[in-house]
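Shown next: query.csv, given as CSV, C-alpha atoms.
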```
chain,number,residue,atom,x,y,z
K,288,MET,CA,-18.6,-36.3,-5.4
K,289,ILE,CA,-20.1,-33.3,-3.5
K,290,ALA,CA,-17.6,-30.6,-2.6
K,291,GLN,CA,-16.9,-30.2,1.1
K,292,LYS,CA,-18.3,-27.0,2.5
K,293,TYR,CA,-17.3,-25.0,5.6
K,294,LEU,CA,-19.3,-22.6,7.7
K,295,TYR,CA,-17.8,-19.5,9.3
K,296,LEU,CA,-19.4,-17.5,12.1
K,297,LEU,CA,-18.6,-13.8,12.2
K,298,ALA,CA,-18.8,-11.1,14.9
K,299,ILE,CA,-19.9,-8.0,13.2
K,300,PRO,CA,-19.8,-4.9,15.4
K,301,SER,CA,-22.2,-2.0,14.7
K,302,GLN,CA,-21.1,0.0,11.6
K,303,LEU,CA,-18.4,-2.4,10.7
K,304,THR,CA,-20.3,-4.7,8.3
K,305,GLU,CA,-18.1,-3.7,5.3
K,306,LEU,CA,-14.9,-4.4,7.2
K,307,ALA,CA,-16.1,-7.8,8.6
K,308,SER,CA,-17.4,-8.8,5.1
K,309,ALA,CA,-14.1,-7.8,3.5
K,310,GLU,CA,-12.1,-9.9,5.9
K,311,SER,CA,-14.4,-12.9,5.3
K,312,ALA,CA,-14.0,-12.4,1.5
K,313,ALA,CA,-10.2,-12.2,1.8
K,314,LEU,CA,-9.9,-15.3,3.9
K,315,THR,CA,-12.7,-17.6,2.8
K,316,GLY,CA,-13.5,-16.3,-0.7
K,317,ALA,CA,-17.2,-15.7,0.3
K,318,THR,CA,-19.2,-13.0,2.1
K,319,PRO,CA,-21.5,-13.4,5.1
K,320,ASP,CA,-25.3,-13.4,4.9
K,321,GLU,CA,-27.6,-11.3,7.1
K,322,TYR,CA,-26.9,-13.5,10.1
K,323,GLY,CA,-23.2,-13.2,9.9
K,324,ILE,CA,-22.8,-16.7,8.5
K,325,THR,CA,-20.4,-17.4,5.6
K,326,VAL,CA,-20.5,-20.7,3.7
K,327,SER,CA,-17.4,-21.5,1.6
K,328,ASP,CA,-15.7,-24.4,-0.1
K,329,ARG,CA,-12.4,-23.0,1.3
K,330,CYS,CA,-11.1,-24.3,4.6
K,331,VAL,CA,-9.2,-21.7,6.6
K,332,ASP,CA,-7.6,-21.7,10.0
K,333,VAL,CA,-9.3,-18.7,11.6
K,334,HIS,CA,-7.2,-18.5,14.7
K,335,ARG,CA,-6.0,-15.1,13.4
K,336,GLY,CA,-9.4,-13.8,12.6
K,337,ALA,CA,-10.4,-10.3,13.7
K,338,TYR,CA,-14.1,-10.7,12.9
K,339,LEU,CA,-14.2,-14.4,11.8
K,340,LYS,CA,-14.9,-16.3,15.0
K,341,SER,CA,-14.9,-20.0,13.9
K,342,CYS,CA,-14.6,-22.5,11.1
K,343,THR,CA,-16.8,-25.6,11.0
K,344,GLU,CA,-16.7,-28.5,8.6
K,345,ILE,CA,-20.3,-29.0,7.5
K,346,LEU,CA,-21.6,-32.5,7.9
K,347,PHE,CA,-25.3,-32.0,7.3
K,348,GLU,CA,-27.5,-29.2,6.0
K,349,THR,CA,-31.2,-29.6,6.8
K,350,GLY,CA,-34.5,-27.7,6.9
K,351,ASN,CA,-35.7,-28.8,10.3
K,352,VAL,CA,-34.7,-30.3,13.6
K,353,ALA,CA,-36.3,-33.7,13.0
K,354,GLU,CA,-34.4,-34.1,9.8
K,355,LEU,CA,-31.2,-33.1,11.5
K,356,LEU,CA,-31.6,-35.7,14.3
K,357,SER,CA,-32.4,-38.3,11.7
K,358,ASN,CA,-29.2,-37.5,9.7
K,359,ILE,CA,-27.1,-37.7,12.8
K,360,ARG,CA,-28.5,-41.1,13.7
K,361,SER,CA,-27.9,-42.4,10.2
K,362,ALA,CA,-24.3,-41.2,10.2
K,363,ASP,CA,-23.5,-43.2,13.4
K,364,LEU,CA,-21.2,-40.5,14.7
K,365,HIS,CA,-18.7,-41.4,17.5
K,366,ALA,CA,-16.3,-39.2,19.4
K,367,ASP,CA,-14.6,-39.5,22.8
K,368,GLY,CA,-14.6,-36.3,24.8
K,369,PHE,CA,-17.1,-34.3,22.8
K,370,ARG,CA,-19.3,-31.4,23.4
K,371,VAL,CA,-22.3,-30.1,21.4
K,372,SER,CA,-22.9,-26.4,21.0
K,373,VAL,CA,-26.0,-24.8,19.4
K,374,VAL,CA,-26.0,-21.3,17.9
K,375,LYS,CA,-29.2,-19.6,17.0
K,376,LYS,CA,-29.3,-16.8,14.4
K,377,PRO,CA,-31.1,-14.7,15.6
K,378,ARG,CA,-31.1,-15.5,19.3
K,379,SER,CA,-34.8,-14.9,19.5
K,380,LEU,CA,-35.6,-18.1,17.6
K,381,ASN,CA,-38.1,-20.3,19.4
K,382,ILE,CA,-35.8,-23.2,20.0
K,383,ASP,CA,-34.4,-24.5,23.3
K,384,SER,CA,-30.6,-24.6,22.6
K,385,MET,CA,-29.8,-26.7,25.7
K,386,GLU,CA,-32.5,-29.2,25.0
K,387,LEU,CA,-31.4,-29.6,21.3
K,388,ALA,CA,-27.7,-29.9,22.4
K,389,HIS,CA,-28.8,-32.7,24.8
K,390,GLN,CA,-30.8,-34.5,22.1
K,391,ILE,CA,-27.9,-34.4,19.7
K,392,GLY,CA,-25.4,-35.5,22.3
K,393,SER,CA,-27.6,-38.5,23.2
K,394,ILE,CA,-27.3,-39.7,19.6
K,395,ILE,CA,-23.6,-39.4,19.2
K,396,GLY,CA,-21.5,-42.3,20.4
K,397,GLY,CA,-18.7,-41.8,22.9
K,398,LYS,CA,-18.2,-40.1,26.2
K,399,PRO,CA,-19.0,-36.4,26.4
K,400,ASN,CA,-16.7,-33.8,28.0
K,401,LEU,CA,-18.4,-30.4,28.5
K,402,SER,CA,-15.5,-28.7,30.2
K,403,SER,CA,-12.5,-29.7,28.1
K,404,PRO,CA,-13.8,-31.2,24.9
K,405,ARG,CA,-11.4,-32.8,22.4
K,406,VAL,CA,-14.1,-32.5,19.7
K,407,ILE,CA,-16.8,-29.9,19.4
K,408,PHE,CA,-19.9,-30.5,17.2
K,409,LEU,CA,-21.7,-27.3,16.3
K,410,SER,CA,-25.2,-26.8,15.1
K,411,VAL,CA,-26.1,-23.4,13.6
K,412,ILE,CA,-29.8,-22.6,13.2
K,413,THR,CA,-31.5,-19.9,11.2
K,414,PRO,CA,-35.2,-19.5,10.4
K,415,GLU,CA,-34.5,-21.0,6.9
K,416,LYS,CA,-31.8,-23.6,7.5
K,417,ILE,CA,-29.9,-25.8,10.0
K,418,TRP,CA,-26.2,-26.7,9.6
K,419,PHE,CA,-24.4,-29.3,11.7
K,420,GLY,CA,-20.7,-30.1,11.7
K,421,GLN,CA,-17.4,-30.3,13.5
K,422,LEU,CA,-15.6,-27.2,14.7
K,423,LEU,CA,-12.1,-27.0,13.2
K,424,SER,CA,-10.7,-23.7,14.4
K,425,GLU,CA,-11.6,-20.6,16.4
K,426,SER,CA,-10.2,-17.0,16.5
K,427,ASP,CA,-7.8,-16.7,19.4
K,428,GLY,CA,-8.7,-13.1,20.0
K,429,THR,CA,-5.1,-12.0,20.7
K,430,TRP,CA,-6.0,-8.5,19.6
K,431,VAL,CA,-7.7,-8.1,23.0
K,432,ALA,CA,-4.3,-8.6,24.7
K,433,TYR,CA,-2.5,-6.5,22.1
K,434,ASP,CA,-4.6,-3.5,23.0
K,435,GLN,CA,-3.0,-3.6,26.4
K,436,ARG,CA,0.5,-3.4,25.0
K,437,PRO,CA,2.9,-1.5,27.3
K,438,HIS,CA,3.8,1.2,24.8
K,439,VAL,CA,1.1,3.1,22.9
K,440,THR,CA,0.3,6.6,21.7
K,441,SER,CA,-3.0,8.5,21.3
K,442,SER,CA,-3.0,7.8,17.6
K,443,SER,CA,-2.0,4.1,17.7
K,444,LEU,CA,-4.1,1.8,15.6
K,445,PRO,CA,-6.6,-0.4,17.5
K,446,ALA,CA,-5.2,-4.0,17.5
K,447,ARG,CA,-8.3,-5.5,16.0
K,448,LEU,CA,-8.2,-3.1,13.1
K,449,ALA,CA,-4.6,-3.9,12.6
K,450,GLN,CA,-5.4,-7.6,12.6
K,451,ALA,CA,-8.1,-7.1,10.0
K,452,LEU,CA,-5.8,-5.1,7.8
K,453,VAL,CA,-3.1,-7.8,7.8
K,454,ASN,CA,-5.8,-10.4,7.0
K,455,LEU,CA,-7.0,-8.3,4.0
K,456,VAL,CA,-3.6,-8.1,2.3
K,457,ALA,CA,-1.3,-10.9,3.6
K,458,SER,CA,-1.0,-14.6,4.1
K,459,PRO,CA,1.2,-16.6,6.5
K,460,GLY,CA,4.7,-16.7,5.0
K,461,ASP,CA,4.4,-13.4,3.1
K,462,ARG,CA,6.9,-10.6,3.6
K,463,LEU,CA,5.2,-7.5,4.9
K,464,LEU,CA,6.5,-4.0,5.3
K,465,ASP,CA,5.1,-1.3,7.6
K,466,PRO,CA,7.1,1.8,6.7
K,467,CYS,CA,5.5,4.0,9.4
K,468,CYS,CA,5.2,1.4,12.1
K,469,GLY,CA,4.7,3.7,15.1
K,470,THR,CA,4.3,1.5,18.2
K,471,GLY,CA,4.1,-1.6,16.1
K,472,THR,CA,0.4,-2.6,16.1
K,473,ILE,CA,0.5,-3.9,12.5
K,474,VAL,CA,3.9,-5.5,12.9
K,475,MET,CA,2.7,-7.3,15.9
K,476,SER,CA,-0.5,-8.6,14.2
K,477,ALA,CA,1.5,-9.7,11.2
K,478,ALA,CA,4.1,-11.5,13.3
K,479,HIS,CA,1.3,-13.3,15.2
K,480,CYS,CA,-0.2,-14.5,11.9
K,481,GLY,CA,3.0,-16.1,10.7
K,482,VAL,CA,3.7,-13.2,8.3
K,483,LYS,CA,7.4,-12.1,8.1
K,484,ALA,CA,7.1,-8.5,9.2
K,485,THR,CA,9.5,-5.6,8.9
K,486,GLY,CA,8.7,-2.3,10.5
K,487,TYR,CA,10.4,1.1,9.8
K,488,ASP,CA,10.0,4.4,11.6
K,489,ILE,CA,11.8,7.7,11.2
K,490,ASN,CA,11.4,8.3,15.0
K,491,PRO,CA,13.9,6.4,17.2
K,492,ARG,CA,11.4,6.4,20.1
K,493,MET,CA,8.8,4.6,17.9
K,494,VAL,CA,11.4,2.0,16.9
K,495,GLY,CA,12.1,1.4,20.6
K,496,ALA,CA,8.4,1.2,21.5
K,497,THR,CA,7.8,-1.3,18.7
K,498,THR,CA,10.8,-3.4,19.8
K,499,LYS,CA,9.6,-3.4,23.4
K,500,ASN,CA,6.0,-4.3,22.5
K,501,LEU,CA,7.3,-7.2,20.4
K,502,ASP,CA,9.5,-8.4,23.2
K,503,HIS,CA,6.6,-8.2,25.7
K,504,TYR,CA,4.5,-10.7,23.6
K,505,ARG,CA,7.6,-12.7,22.5
K,506,LEU,CA,6.9,-11.9,18.9
K,507,THR,CA,9.6,-11.9,16.2
K,508,ALA,CA,9.9,-9.2,13.5
K,509,GLU,CA,12.5,-6.8,12.1
K,510,VAL,CA,12.4,-3.2,13.3
K,511,LYS,CA,14.6,-0.6,11.8
K,512,LEU,CA,15.2,3.1,12.0
K,513,GLY,CA,14.6,4.6,8.6
K,514,ASP,CA,12.7,7.0,6.3
K,515,ALA,CA,9.7,5.7,4.3
K,516,ARG,CA,10.9,7.8,1.4
K,517,THR,CA,14.2,5.9,1.0
K,518,ILE,CA,13.3,2.2,1.7
K,519,LYS,CA,14.6,0.1,-1.2
K,520,GLN,CA,13.8,-3.5,-0.2
K,521,ARG,CA,11.2,-5.6,-1.9
K,522,PHE,CA,8.3,-7.2,0.0
K,523,ASP,CA,5.1,-9.1,-0.9
K,524,VAL,CA,2.9,-6.4,0.6
K,525,VAL,CA,3.0,-3.0,2.3
K,526,ALA,CA,0.5,-2.3,5.1
K,527,THR,CA,0.6,0.9,7.1
K,528,ASP,CA,-1.4,3.5,9.0
K,529,LEU,CA,-0.2,6.6,7.2
K,530,PRO,CA,1.0,9.4,9.6
K,531,TYR,CA,-1.8,12.0,10.0
K,532,GLY,CA,0.8,14.8,9.7
K,533,ILE,CA,1.2,13.9,6.0
K,534,SER,CA,-1.3,15.9,4.0
K,535,LEU,CA,-1.8,14.6,0.4
K,536,VAL,CA,-4.7,17.1,0.1
K,537,LYS,CA,-2.1,19.8,0.3
K,538,ASP,CA,0.1,17.9,-2.1
K,539,THR,CA,3.2,18.1,0.0
K,540,ALA,CA,6.5,16.9,-1.3
K,541,ALA,CA,7.1,14.5,1.6
K,542,ALA,CA,3.7,12.8,1.0
K,543,LYS,CA,4.5,12.3,-2.7
K,544,GLU,CA,8.0,11.0,-1.9
K,545,ILE,CA,6.7,8.4,0.6
K,546,LEU,CA,4.0,7.0,-1.6
K,547,THR,CA,6.0,7.2,-4.8
K,548,ASN,CA,8.8,5.3,-3.1
K,549,LEU,CA,6.5,2.7,-1.6
K,550,ARG,CA,5.2,1.8,-5.1
K,551,GLY,CA,8.5,0.1,-5.8
K,552,CYS,CA,8.5,-1.9,-2.6
K,553,ALA,CA,5.6,-4.3,-3.3
K,554,PRO,CA,2.9,-5.3,-5.7
K,555,LYS,CA,0.1,-5.0,-3.1
K,556,PHE,CA,-0.8,-2.4,-0.5
K,557,GLY,CA,-3.1,-1.7,2.4
K,558,PHE,CA,-3.2,1.9,3.5
K,559,ILE,CA,-5.2,3.4,6.4
K,560,ASP,CA,-6.0,7.1,6.6
K,561,ILE,CA,-8.7,9.5,7.7
K,562,ARG,CA,-8.7,11.2,4.4
K,563,ASP,CA,-10.0,10.2,1.0
K,564,LEU,CA,-6.8,9.2,-0.8
K,565,SER,CA,-8.5,7.8,-3.9
K,566,GLN,CA,-7.4,10.5,-6.4
K,567,PRO,CA,-3.9,11.1,-4.9
K,568,LEU,CA,-3.2,7.4,-5.0
K,569,THR,CA,-4.5,7.0,-8.5
K,570,ASP,CA,-2.4,10.0,-9.6
K,571,LEU,CA,0.7,8.4,-8.2
K,572,GLY,CA,0.2,5.2,-10.2
K,573,TYR,CA,-1.7,3.0,-7.7
K,574,GLN,CA,-4.7,0.9,-8.7
K,575,VAL,CA,-7.3,1.5,-6.0
K,576,GLU,CA,-9.3,-1.8,-5.7
K,577,THR,CA,-11.3,-1.4,-2.5
K,578,ILE,CA,-12.1,1.4,0.0
K,579,ILE,CA,-13.5,0.2,3.3
K,580,PRO,CA,-14.8,2.8,5.8
K,581,VAL,CA,-14.1,2.1,9.5
K,582,PRO,CA,-16.2,4.6,11.5
K,583,LYS,CA,-15.7,5.1,15.2
K,584,LEU,CA,-17.5,7.9,17.0
K,585,ARG,CA,-16.7,11.1,15.1
K,586,LEU,CA,-13.6,9.6,13.4
K,587,VAL,CA,-13.9,7.7,10.1
K,588,ARG,CA,-10.8,5.8,9.0
K,589,ARG,CA,-10.6,4.4,5.5
K,590,ILE,CA,-8.7,1.3,4.4
K,591,PHE,CA,-7.5,1.5,0.8
K,592,ILE,CA,-6.6,-1.8,-0.8
K,593,THR,CA,-4.5,-1.1,-3.8
K,594,SER,CA,-2.0,-2.6,-6.2
K,595,ASN,CA,0.8,-1.2,-8.3
K,596,SER,CA,-0.7,-0.6,-11.8
K,597,ASN,CA,2.7,-1.1,-13.4
K,598,GLN,CA,3.3,-4.6,-11.9
```
Kindly return the structure encoded in the file as structure tokens.
Amino acid sequence: MIAQKYLYLLAIPSQLTELASAESAALTGATPDEYGITVSDRCVDVHRGAYLKSCTEILFETGNVAELLSNIRSADLHADGFRVSVVKKPRSLNIDSMELAHQIGSIIGGKPNLSSPRVIFLSVITPEKIWFGQLLSESDGTWVAYDQRPHVTSSSLPARLAQALVNLVASPGDRLLDPCCGTGTIVMSAAHCGVKATGYDINPRMVGATTKNLDHYRLTAEVKLGDARTIKQRFDVVATDLPYGISLVKDTAAAKEILTNLRGCAPKFGFIDIRDLSQPLTDLGYQVETIIPVPKLRLVRRIFITSNSNQ
């Protein structure tokens, strides 16, 4: 029996190839090719995707259009209320997408519905290969709305980056701690993904802002006033955008206390910072597994995926 395969389409913004590839690997177990296509034997609901756009169950994989149409005829596909979409990678391919969609649609049995389809059949075409299958899930793009949250600061994390961070380290049902939650971007993204999120902040104004942002989008998470240096609860993962005022480069006592304490809170971590924390984290007992640069204009954030070397 041939193992079922799934095709994922990614949106990969300029300079963010490493981040999009890392999210793909974390969710699907595979990395994208040069066209932003990932093929995996893992089926994942990508509604929470930051850079993953869609998941399609592959029905056929062919080398040319004639073979594709022949396979669809042989399969005797039938669906009521269906639509056919064609994606070209790259877009400059000399194939008429609308004509091909029409050809495929004329073979499939059942009544089409282009405006509100119950079933979407997707054909993805590259110079080397053609895939055809049924669309299973799509990213809901909620990070777009979350970037319009009512309470934000100049240093607040972009919602899409927060979504990607959550996807890199957590799964639905996990218990996630953001010990420096600020206005709650990571907490919101986690709650949206079905992750049980808890946010702490030492600033009462930030606790209030996070609470109001969660209420605005009807999201549920715990938000508490507290110092990251003294949190004693256990979680499955810690994910946070470290305060820029903390300078590990200067080896301040506060920085050491925060990260030393967090080591006891979870076995897995995702830290975001503008500095290279590789050596400081290693010195404090963290196992640095991956460093992902996230450049934007003159600012380069880094995501540090780490684990507790003693657990």
For Ile412 (chain K), the nearest of the candidates K:Arg447, K:His479, K:Lys375, K:Arg436, counting all atoms listed in the file: K:Lys375
CA of Phe347 (chain K) to CA of Ala362 (chain K), distance in Å rounded to a single decimal: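 Value for the CA of Phe347 (chain K)-CA of Ala362 (chain K) distance: 9.7 Å.
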Between CA of Arg462 (chain K) and CA of Gly557 (chain K), measure the distance and give it in Å to one decimal.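 We find that CA of Arg462 (chain K) and CA of Gly557 (chain K) lie 13.4 Å from each other.
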Could you tell me which of K:Leu512, K:Ile407, K:Leu546, K:Met385 comes closest to Gly420 (chain K) if we count only C-alpha atoms? K:Ile407
Neighbours of Ser311 (chain K) within 12 Å (all atoms listed in the file; same-chain residues fewer than 3 positions away dropped), as a count of residues only? 39
For Glu321 (chain K), which of K:Leu303, K:Val406, K:Val371, K:Thr413 is the closest residue, counting all atoms listed in the file?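 Among the listed residues, the smallest separation from Glu321 (chain K) belongs to K:Thr413.
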Take CA of Leu422 (chain K) and CA of Leu448 (chain K) and report the distance between them in Å, one decimal.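 Interatomic distance, CA of Leu422 (chain K) to CA of Leu448 (chain K): 25.3 Å.
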Excluding same-chain residues fewer than 2 positions from Thr440 (chain K), what lies within 10 Å of it counting only C-alpha atoms, as a PyMOL selection string? chain K and resi 438+442-444+469-470+493+496
Between K:Tyr293, K:Phe408, K:Ile417, K:Thr517, which has the minimum distance to Glu354 (chain K) (counting all atoms listed in the file)?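 Closest candidate: K:Ile417.
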Give me, as a list in words, all polymer residues having an atom no more than 6 Å from Tyr573 (chain K), counting all atoms listed in the file and skipping those fewer than 4 positions away in the same chain. Leu568, Thr569, Ser594, Asn595 and Ser596 of chain K
Hey, can I get the axis-aligned box for region 481-487 of chain K? All listed atoms, 4 Å padding on each side, centre and edge lengths in Å to one decimal, as AutoDock Vina command-line options.
```
--center_x 6.7 --center_y -7.5 --center_z 9.4 --size_x 15.4 --size_y 25.2 --size_z 10.6
```
Name all residues at most 8 Å from Glu348 (chain K) (count only C-alpha atoms; drop same-chain ones fewer than 6 positions away) and give them as a ChimeraX atom specification. /K:355,416-419
Applying 10 Å and all atoms listed in the file, which residues near Ile545 (chain K) remain after dropping the ones on its own chain fewer than 5 positions away? List them as number ranges by chain. K: 466-467, 514-518, 529, 533, 540, 550
Residue nearest Thr593 (chain K) - candidates K:Ala432, K:Ala388, K:Ala542, K:Ala526, atoms counted: all atoms listed in the file: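 Using all atoms listed in the file, the shortest distance to Thr593 (chain K) belongs to K:Ala526.
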Pick the closest to Asn351 (chain K) from K:Ala290, K:Gly397, K:Ser410, K:Asp523: which is it, counting all atoms listed in the file?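 When distances to Asn351 (chain K) are compared using all atoms listed in the file, the smallest one comes from K:Ser410.
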